[in-house]
Amino acid sequence: MSPLKSLAFIGALALVLGTAGPMVAQTTVTAPAEPAGQALTAADATTWLDGLMPYAIRRGDIAGAVVIVVKDGQVLVEKGYGASDVKTQAPMSPTTTLMRPGSISKLFTETAVMQLVEQHKLDLDADVNTYIDFKIPPAFGKPITLRNLIQHTAGFGEVAKHLIVTNPADARSIESYLKTWIPPRIFPPGEVPAYSNYGVTLAGYIVQRVSGEPFDDYIAHHIFQPLGMAHSTFDQPLPAGWSVNMAKGYLTASTPAHPFEIVNAVPAGGLSTTADDMGRFMLAHLNHGSYGGAQILQAQTADEMHRQSFQLTPPLPGMALGFYHEDRNGHEIIGHAGDLNLFHSDLHLFLNDGVGLFVSFNSAGKAGAAQAIRSELLRQFADRYFPAPAVAPLPTLTTAKQDGALMTGSWRLSRRPSDGLLDFAYLLSEKTIAMAPDGTLTAGLENTGGAPIHWREVGPFVWQEVGGESRLAAVVKNGVVTAIGFDNEPPVFVLQHTPGSQKAGWILPLLGAATGLLAIFFLSWPLSAFIRWRYKASFPHAGSRAAAYRTVRVLALVEVVFVAGIVGALVNLLSTALVIDGAQDATFRVFQLFGVVGLLGLLAGPWNLVLTWGDKTASWWAKLTSVLVTAAFFAVTILAFMTHLLTWSMNY
């Protein structure tokens, strides 16, 4: 769910409440060959998990994990590994230990939406403004619908501030969270996948308003209670007496535990639950909405919810209604990932096989190990019990170089902000796709062995990893590639071409060069003063010439403090903070004040330039410097506004 830990320059600021970080290579890890079509039995699954999980969490510096496998209407295996509390070494229990499944919470919200749809209280294709007491502003000439919200195609920009807090005093109601700031819309509804916690939270608010029950109560009454999920709640903080069973959350097992994370986007990620309870939810969905005599969805509604309904980059899997498809080995699989800063989870349903798999970790682990283990767990599980039939490798197309040439260049995620301070940070997540001499593509990704991943074209604008399983596919319109998808990432975002005016490849070097030039220009002032003192020389300027000389140098320092300070504050926030609650806004405002004062450089620079060039005694070096410094003032100002380092709004 976290928008921040998806940034490439910090690796994994945990995609809070959501998917794994963008473009994280999840490639095959070499492992002993498994028997084809191994029977999925309790004994075999237990042996397999016991051989994998303890070693994986220990090596990944992860405190603990829970896993449950369901099959044919019943629990097959449920186990806990490691510790729910490192200090006390309390064991993980799949039946009583509470975990935080992050964005898997969305599936409960979307199930609730579908309950109200089948009761004819909601229409998936109606304007969402029909159901709420505030208004989503019009854009692109099309209304946002509930279908857009639960397919992540509403077109909202990214939101980070107040998404997660740890101080109960900072907790907000769903209504307050939604109404405080409506993020801008950057795409027409129904056209581009752009993962949105705000969008699903809005869907939860609609459930609350239409049902007449508080969201937490609705889920408890209409999903938890019918399914017997007695250890599940959306309450934050936890109800009295529940904390004793809550697993501690860690970045790594070797570091201290962190406080309970309160998700203000409650319907998007506020769930606390056990593995056993998640097993009941999986069984209900696998059995067409029914479990233990309770029917939370009619069979037709459940099937509609599971069916792929939005696929931007075929043949790669697309979105269902809430679930996303992750089909592999010829088997239809739907699922969802969930990440807070401290907890990391996956849910997978093998629809036609009656099998479900849920895993949850209470640590991110060393170098984001939980993400790699989750990916490998699904791969090995599918290959062991539902292997793909042997097929001959597809040949590389003769159009590889011709088509590959259209794929090269700079690309950015569709899941991104469109204004605010994070706009600058997302420059650093830009990807470059290049073509090797042999026609294969690279995207700056490495496999687990540290080698660059190459893709070869095996179908029209479909590439497969050389020596691996992952694929990428492109959407081409009028000879132009408009979107690229990867099947080792959920279909909730795509890559889009970065417009030339917004490419990090020139913005960051130019901003750095302009700031560096201003820094050197300022430092030359005390240096020249020292040299004059050393040789007992007098200051060569007087009057307005002297005033301009000093003014531009003071303003050069002001601009350097602005850029270095605000960029440093952003990097520090994104690399160290677990919550973005607005506490950093005062720091941003202080440095932005320097930026506002620095705007005077737009006047002082030309003033100094005119006086310098009008001074017959001025050297050519002084004249050239006056030009460069004036250009630097304009460059910093323009780029600061373009990247929203200078912005009135503190919404981001």
# chains A, B, ... in the order shown; residues from 1 in each chain; ligands from 1
$ closest_atom_pairs --of "stretch 263-324 of chain A" --to "stretch 470-477 of chain A" --cutoff "8 Å" --atoms "only C-alpha atoms" --output "JSON lines"
{"residue": "A:Leu312", "atom": "CA", "partner": "A:Val475", "partner_atom": "CA", "distance": 7.5}
{"residue": "A:Thr313", "atom": "CA", "partner": "A:Ala473", "partner_atom": "CA", "distance": 6.0}
{"residue": "A:Pro314", "atom": "CA", "partner": "A:Ala473", "partner_atom": "CA", "distance": 7.0}
{"residue": "A:Pro315", "atom": "CA", "partner": "A:Ala473", "partner_atom": "CA", "distance": 7.4}
{"residue": "A:Leu316", "atom": "CA", "partner": "A:Ala473", "partner_atom": "CA", "distance": 6.9}
$ residues_around --residues "A:Leu603" --least-positions-apart "3" --cutoff "12 Å" --atoms "only C-alpha atoms" --output "list in words"
Ala548, Thr551, Val552, Leu555, Val597, Gly598, Leu599, Leu600, Pro606, Trp607, Asn608, Leu609, Val610, Val629, Thr630, Ala631, Phe633, Phe634 and Thr637 of chain A
$ select_by_dssp --residues "stretch 139-344 of chain A" --states "strand (DSSP E)" --output "list in words"
Ile164, Val165, Ile262, Val263, Ser290, Tyr291, Ala294, Gln295, Tyr324, His325, Ile333, Ile334, Gly335, His336, Ala337, Gly338, Asp339 and His344 of chain A
$ select_by_dssp --residues "stretch 187-300 of chain A" --states "alpha helix (DSSP H)" --output "PDB file with N, CA and C atoms, in the first residue's frame"
ATOM      1  N   ASN A 197      -5.012   3.614  -2.685  1.00  0.00           N
ATOM      2  CA  ASN A 197      -5.588   3.383  -1.365  1.00  0.00           C
ATOM      3  C   ASN A 197      -6.775   4.308  -1.129  1.00  0.00           C
ATOM      4  N   TYR A 198      -6.667   5.527  -1.648  1.00  0.00           N
ATOM      5  CA  TYR A 198      -7.766   6.477  -1.498  1.00  0.00           C
ATOM      6  C   TYR A 198      -9.027   5.937  -2.170  1.00  0.00           C
ATOM      7  N   GLY A 199      -8.875   5.360  -3.362  1.00  0.00           N
ATOM      8  CA  GLY A 199     -10.021   4.867  -4.099  1.00  0.00           C
ATOM      9  C   GLY A 199     -10.766   3.771  -3.366  1.00  0.00           C
ATOM     10  N   VAL A 200     -10.036   2.805  -2.798  1.00  0.00           N
ATOM     11  CA  VAL A 200     -10.697   1.710  -2.080  1.00  0.00           C
ATOM     12  C   VAL A 200     -11.276   2.217  -0.756  1.00  0.00           C
ATOM     13  N   THR A 201     -10.614   3.188  -0.134  1.00  0.00           N
ATOM     14  CA  THR A 201     -11.182   3.783   1.079  1.00  0.00           C
ATOM     15  C   THR A 201     -12.503   4.469   0.763  1.00  0.00           C
ATOM     16  N   LEU A 202     -12.578   5.112  -0.398  1.00  0.00           N
ATOM     17  CA  LEU A 202     -13.832   5.727  -0.833  1.00  0.00           C
ATOM     18  C   LEU A 202     -14.910   4.659  -1.022  1.00  0.00           C
ATOM     19  N   ALA A 203     -14.535   3.507  -1.565  1.00  0.00           N
ATOM     20  CA  ALA A 203     -15.496   2.411  -1.716  1.00  0.00           C
ATOM     21  C   ALA A 203     -16.000   1.954  -0.346  1.00  0.00           C
ATOM     22  N   GLY A 204     -15.107   1.894   0.648  1.00  0.00           N
ATOM     23  CA  GLY A 204     -15.522   1.521   1.998  1.00  0.00           C
ATOM     24  C   GLY A 204     -16.459   2.533   2.620  1.00  0.00           C
ATOM     25  N   TYR A 205     -16.209   3.806   2.330  1.00  0.00           N
ATOM     26  CA  TYR A 205     -17.097   4.852   2.847  1.00  0.00           C
ATOM     27  C   TYR A 205     -18.484   4.727   2.227  1.00  0.00           C
ATOM     28  N   ILE A 206     -18.541   4.353   0.974  1.00  0.00           N
ATOM     29  CA  ILE A 206     -19.832   4.142   0.308  1.00  0.00           C
ATOM     30  C   ILE A 206     -20.570   2.974   0.954  1.00  0.00           C
ATOM     31  N   VAL A 207     -19.850   1.907   1.299  1.00  0.00           N
ATOM     32  CA  VAL A 207     -20.465   0.791   2.022  1.00  0.00           C
ATOM     33  C   VAL A 207     -21.069   1.299   3.331  1.00  0.00           C
ATOM     34  N   GLN A 208     -20.331   2.114   4.028  1.00  0.00           N
ATOM     35  CA  GLN A 208     -20.792   2.656   5.306  1.00  0.00           C
ATOM     36  C   GLN A 208     -22.049   3.495   5.131  1.00  0.00           C
ATOM     37  N   ARG A 209     -22.049   4.370   4.137  1.00  0.00           N
ATOM     38  CA  ARG A 209     -23.194   5.268   3.960  1.00  0.00           C
ATOM     39  C   ARG A 209     -24.438   4.528   3.465  1.00  0.00           C
ATOM     40  N   VAL A 210     -24.266   3.636   2.523  1.00  0.00           N
ATOM     41  CA  VAL A 210     -25.423   2.956   1.939  1.00  0.00           C
ATOM     42  C   VAL A 210     -26.008   1.921   2.896  1.00  0.00           C
ATOM     43  N   SER A 211     -25.143   1.249   3.654  1.00  0.00           N
ATOM     44  CA  SER A 211     -25.629   0.228   4.596  1.00  0.00           C
ATOM     45  C   SER A 211     -26.218   0.840   5.859  1.00  0.00           C
ATOM     46  N   PHE A 215     -18.366   1.331   8.972  1.00  0.00           N
ATOM     47  CA  PHE A 215     -17.656   0.353   8.152  1.00  0.00           C
ATOM     48  C   PHE A 215     -17.203  -0.850   8.965  1.00  0.00           C
ATOM     49  N   ASP A 216     -16.556  -0.611  10.110  1.00  0.00           N
ATOM     50  CA  ASP A 216     -16.045  -1.709  10.939  1.00  0.00           C
ATOM     51  C   ASP A 216     -17.171  -2.655  11.333  1.00  0.00           C
ATOM     52  N   ASP A 217     -18.306  -2.073  11.718  1.00  0.00           N
ATOM     53  CA  ASP A 217     -19.440  -2.895  12.145  1.00  0.00           C
ATOM     54  C   ASP A 217     -20.022  -3.682  10.986  1.00  0.00           C
ATOM     55  N   TYR A 218     -20.086  -3.049   9.817  1.00  0.00           N
ATOM     56  CA  TYR A 218     -20.646  -3.751   8.664  1.00  0.00           C
ATOM     57  C   TYR A 218     -19.833  -5.015   8.360  1.00  0.00           C
ATOM     58  N   ILE A 219     -18.514  -4.871   8.298  1.00  0.00           N
ATOM     59  CA  ILE A 219     -17.664  -6.025   7.984  1.00  0.00           C
ATOM     60  C   ILE A 219     -17.819  -7.096   9.067  1.00  0.00           C
ATOM     61  N   GLN A 225     -18.701 -12.404  11.271  1.00  0.00           N
ATOM     62  CA  GLN A 225     -19.593 -13.250  12.077  1.00  0.00           C
ATOM     63  C   GLN A 225     -20.150 -14.428  11.293  1.00  0.00           C
ATOM     64  N   PRO A 226     -20.652 -14.244  10.071  1.00  0.00           N
ATOM     65  CA  PRO A 226     -21.144 -15.406   9.324  1.00  0.00           C
ATOM     66  C   PRO A 226     -20.072 -16.467   9.087  1.00  0.00           C
ATOM     67  N   LEU A 227     -18.822 -16.043   8.905  1.00  0.00           N
ATOM     68  CA  LEU A 227     -17.747 -16.991   8.624  1.00  0.00           C
ATOM     69  C   LEU A 227     -17.075 -17.508   9.890  1.00  0.00           C
ATOM     70  N   VAL A 266      -8.714   3.099   6.474  1.00  0.00           N
ATOM     71  CA  VAL A 266      -9.141   1.852   7.130  1.00  0.00           C
ATOM     72  C   VAL A 266      -9.581   0.776   6.142  1.00  0.00           C
ATOM     73  N   PRO A 267     -10.501   1.052   5.216  1.00  0.00           N
ATOM     74  CA  PRO A 267     -10.946  -0.025   4.319  1.00  0.00           C
ATOM     75  C   PRO A 267      -9.856  -0.545   3.395  1.00  0.00           C
ATOM     76  N   ALA A 268      -8.779   0.221   3.257  1.00  0.00           N
ATOM     77  CA  ALA A 268      -7.692  -0.187   2.364  1.00  0.00           C
ATOM     78  C   ALA A 268      -6.621  -0.997   3.065  1.00  0.00           C
ATOM     79  N   GLY A 269      -6.602  -0.995   4.410  1.00  0.00           N
ATOM     80  CA  GLY A 269      -5.511  -1.726   5.046  1.00  0.00           C
ATOM     81  C   GLY A 269      -5.564  -1.844   6.543  1.00  0.00           C
ATOM     82  N   ALA A 275      -4.238 -16.288  10.798  1.00  0.00           N
ATOM     83  CA  ALA A 275      -4.166 -17.136   9.605  1.00  0.00           C
ATOM     84  C   ALA A 275      -5.396 -18.030   9.509  1.00  0.00           C
ATOM     85  N   ASP A 276      -5.855 -18.546  10.636  1.00  0.00           N
ATOM     86  CA  ASP A 276      -7.017 -19.427  10.628  1.00  0.00           C
ATOM     87  C   ASP A 276      -8.259 -18.694  10.131  1.00  0.00           C
ATOM     88  N   ASP A 277      -8.441 -17.459  10.570  1.00  0.00           N
ATOM     89  CA  ASP A 277      -9.578 -16.681  10.088  1.00  0.00           C
ATOM     90  C   ASP A 277      -9.460 -16.403   8.587  1.00  0.00           C
ATOM     91  N   MET A 278      -8.246 -16.138   8.125  1.00  0.00           N
ATOM     92  CA  MET A 278      -8.061 -15.905   6.696  1.00  0.00           C
ATOM     93  C   MET A 278      -8.373 -17.166   5.905  1.00  0.00           C
ATOM     94  N   GLY A 279      -8.129 -18.324   6.512  1.00  0.00           N
ATOM     95  CA  GLY A 279      -8.493 -19.578   5.866  1.00  0.00           C
ATOM     96  C   GLY A 279      -9.986 -19.664   5.621  1.00  0.00           C
ATOM     97  N   ARG A 280     -10.782 -19.202   6.569  1.00  0.00           N
ATOM     98  CA  ARG A 280     -12.235 -19.210   6.403  1.00  0.00           C
ATOM     99  C   ARG A 280     -12.660 -18.290   5.260  1.00  0.00           C
ATOM    100  N   PHE A 281     -12.035 -17.142   5.185  1.00  0.00           N
ATOM    101  CA  PHE A 281     -12.355 -16.199   4.108  1.00  0.00           C
ATOM    102  C   PHE A 281     -11.989 -16.802   2.754  1.00  0.00           C
ATOM    103  N   MET A 282     -10.814 -17.435   2.678  1.00  0.00           N
ATOM    104  CA  MET A 282     -10.409 -18.062   1.423  1.00  0.00           C
ATOM    105  C   MET A 282     -11.374 -19.173   1.034  1.00  0.00           C
ATOM    106  N   LEU A 283     -11.778 -19.992   1.990  1.00  0.00           N
ATOM    107  CA  LEU A 283     -12.688 -21.103   1.695  1.00  0.00           C
ATOM    108  C   LEU A 283     -14.026 -20.596   1.190  1.00  0.00           C
ATOM    109  N   ALA A 284     -14.501 -19.495   1.746  1.00  0.00           N
ATOM    110  CA  ALA A 284     -15.772 -18.930   1.279  1.00  0.00           C
ATOM    111  C   ALA A 284     -15.666 -18.503  -0.179  1.00  0.00           C
ATOM    112  N   HIS A 285     -14.572 -17.842  -0.529  1.00  0.00           N
ATOM    113  CA  HIS A 285     -14.429 -17.407  -1.920  1.00  0.00           C
ATOM    114  C   HIS A 285     -14.193 -18.591  -2.858  1.00  0.00           C
ATOM    115  N   LEU A 286     -13.464 -19.596  -2.402  1.00  0.00           N
ATOM    116  CA  LEU A 286     -13.240 -20.772  -3.246  1.00  0.00           C
ATOM    117  C   LEU A 286     -14.531 -21.557  -3.474  1.00  0.00           C
ATOM    118  N   ALA A 299     -23.434 -17.248  -5.566  1.00  0.00           N
ATOM    119  CA  ALA A 299     -22.430 -17.867  -6.437  1.00  0.00           C
ATOM    120  C   ALA A 299     -22.151 -17.023  -7.673  1.00  0.00           C
ATOM    121  N   GLN A 300     -23.193 -16.484  -8.278  1.00  0.00           N
ATOM    122  CA  GLN A 300     -23.018 -15.676  -9.477  1.00  0.00           C
ATOM    123  C   GLN A 300     -22.208 -14.417  -9.178  1.00  0.00           C
TER     124      GLN A 300
END
$ closest_atom_pairs --of "stretch 340-422 of chain A" --to "stretch 186-190 of chain A" --cutoff "9 Å" --atoms "only C-alpha atoms" --output "Markdown table"
| residue | atom | partner | partner_atom | distance |
| --- | --- | --- | --- | --- |
| A:Ser414 | CA | A:Phe187 | CA | 8.9 |
| A:Pro417 | CA | A:Ile186 | CA | 8.5 |
| A:Ser418 | CA | A:Ile186 | CA | 6.9 |
$ closest_residue --among "A:Ala632, A:Val492, A:Val481, A:Val70" --to "A:Ala45" --atoms "only C-alpha atoms"
A:Val70
$ residues_around --residues "A:Phe522" --least-positions-apart "4" --cutoff "9 Å" --atoms "only C-alpha atoms" --output "number ranges by chain"
A: 517-518, 526, 552-557
$ write_last_selection --atoms "C-alpha atoms" --output "PDB file, in the first residue's frame"
ATOM      1  CA  LEU A 517      27.355  26.664  -9.612  1.00  0.00           C
ATOM      2  CA  LEU A 518      25.572  28.897  -7.094  1.00  0.00           C
ATOM      3  CA  PRO A 526      34.891  34.811   1.139  1.00  0.00           C
ATOM      4  CA  VAL A 552      23.604  37.963  -5.812  1.00  0.00           C
ATOM      5  CA  ARG A 553      26.070  36.095  -3.617  1.00  0.00           C
ATOM      6  CA  VAL A 554      23.790  36.171  -0.584  1.00  0.00           C
ATOM      7  CA  LEU A 555      20.882  34.970  -2.719  1.00  0.00           C
ATOM      8  CA  ALA A 556      23.086  32.245  -4.215  1.00  0.00           C
ATOM      9  CA  LEU A 557      23.619  30.919  -0.675  1.00  0.00           C
TER      10      LEU A 557
END
$ decode --residues "stretch 116-130 of chain A" --atoms "N, CA and C atoms" --output "PDB file, in the first residue's frame"
ATOM      1  N   LEU A 116     -23.606  -5.541  -1.474  1.00  0.00           N
ATOM      2  CA  LEU A 116     -24.608  -4.491  -1.673  1.00  0.00           C
ATOM      3  C   LEU A 116     -25.021  -4.370  -3.138  1.00  0.00           C
ATOM      4  N   VAL A 117     -24.135  -4.767  -4.044  1.00  0.00           N
ATOM      5  CA  VAL A 117     -24.498  -4.788  -5.462  1.00  0.00           C
ATOM      6  C   VAL A 117     -25.565  -5.845  -5.707  1.00  0.00           C
ATOM      7  N   GLU A 118     -25.359  -7.036  -5.147  1.00  0.00           N
ATOM      8  CA  GLU A 118     -26.343  -8.088  -5.394  1.00  0.00           C
ATOM      9  C   GLU A 118     -27.675  -7.812  -4.680  1.00  0.00           C
ATOM     10  N   GLN A 119     -27.653  -6.911  -3.707  1.00  0.00           N
ATOM     11  CA  GLN A 119     -28.896  -6.493  -3.046  1.00  0.00           C
ATOM     12  C   GLN A 119     -29.526  -5.287  -3.767  1.00  0.00           C
ATOM     13  N   HIS A 120     -28.908  -4.877  -4.880  1.00  0.00           N
ATOM     14  CA  HIS A 120     -29.386  -3.754  -5.699  1.00  0.00           C
ATOM     15  C   HIS A 120     -29.356  -2.430  -4.935  1.00  0.00           C
ATOM     16  N   LYS A 121     -28.477  -2.348  -3.935  1.00  0.00           N
ATOM     17  CA  LYS A 121     -28.296  -1.089  -3.216  1.00  0.00           C
ATOM     18  C   LYS A 121     -27.154  -0.265  -3.821  1.00  0.00           C
ATOM     19  N   LEU A 122     -26.316  -0.932  -4.582  1.00  0.00           N
ATOM     20  CA  LEU A 122     -25.216  -0.258  -5.267  1.00  0.00           C
ATOM     21  C   LEU A 122     -25.189  -0.708  -6.714  1.00  0.00           C
ATOM     22  N   ASP A 123     -24.714   0.190  -7.563  1.00  0.00           N
ATOM     23  CA  ASP A 123     -24.535  -0.101  -8.985  1.00  0.00           C
ATOM     24  C   ASP A 123     -23.063   0.135  -9.309  1.00  0.00           C
ATOM     25  N   LEU A 124     -22.393  -0.894  -9.793  1.00  0.00           N
ATOM     26  CA  LEU A 124     -20.963  -0.779 -10.072  1.00  0.00           C
ATOM     27  C   LEU A 124     -20.647   0.307 -11.084  1.00  0.00           C
ATOM     28  N   ASP A 125     -21.606   0.641 -11.924  1.00  0.00           N
ATOM     29  CA  ASP A 125     -21.331   1.583 -13.006  1.00  0.00           C
ATOM     30  C   ASP A 125     -21.979   2.948 -12.810  1.00  0.00           C
ATOM     31  N   ALA A 126     -22.443   3.209 -11.583  1.00  0.00           N
ATOM     32  CA  ALA A 126     -23.010   4.524 -11.276  1.00  0.00           C
ATOM     33  C   ALA A 126     -21.907   5.475 -10.811  1.00  0.00           C
ATOM     34  N   ASP A 127     -22.111   6.749 -11.027  1.00  0.00           N
ATOM     35  CA  ASP A 127     -21.206   7.790 -10.545  1.00  0.00           C
ATOM     36  C   ASP A 127     -21.110   7.693  -9.016  1.00  0.00           C
ATOM     37  N   VAL A 128     -19.895   7.623  -8.483  1.00  0.00           N
ATOM     38  CA  VAL A 128     -19.741   7.474  -7.034  1.00  0.00           C
ATOM     39  C   VAL A 128     -20.318   8.662  -6.276  1.00  0.00           C
ATOM     40  N   ASN A 129     -20.411   9.815  -6.943  1.00  0.00           N
ATOM     41  CA  ASN A 129     -20.999  10.979  -6.275  1.00  0.00           C
ATOM     42  C   ASN A 129     -22.455  10.736  -5.883  1.00  0.00           C
ATOM     43  N   THR A 130     -23.073   9.736  -6.500  1.00  0.00           N
ATOM     44  CA  THR A 130     -24.447   9.375  -6.158  1.00  0.00           C
ATOM     45  C   THR A 130     -24.558   8.912  -4.708  1.00  0.00           C
TER      46      THR A 130
END
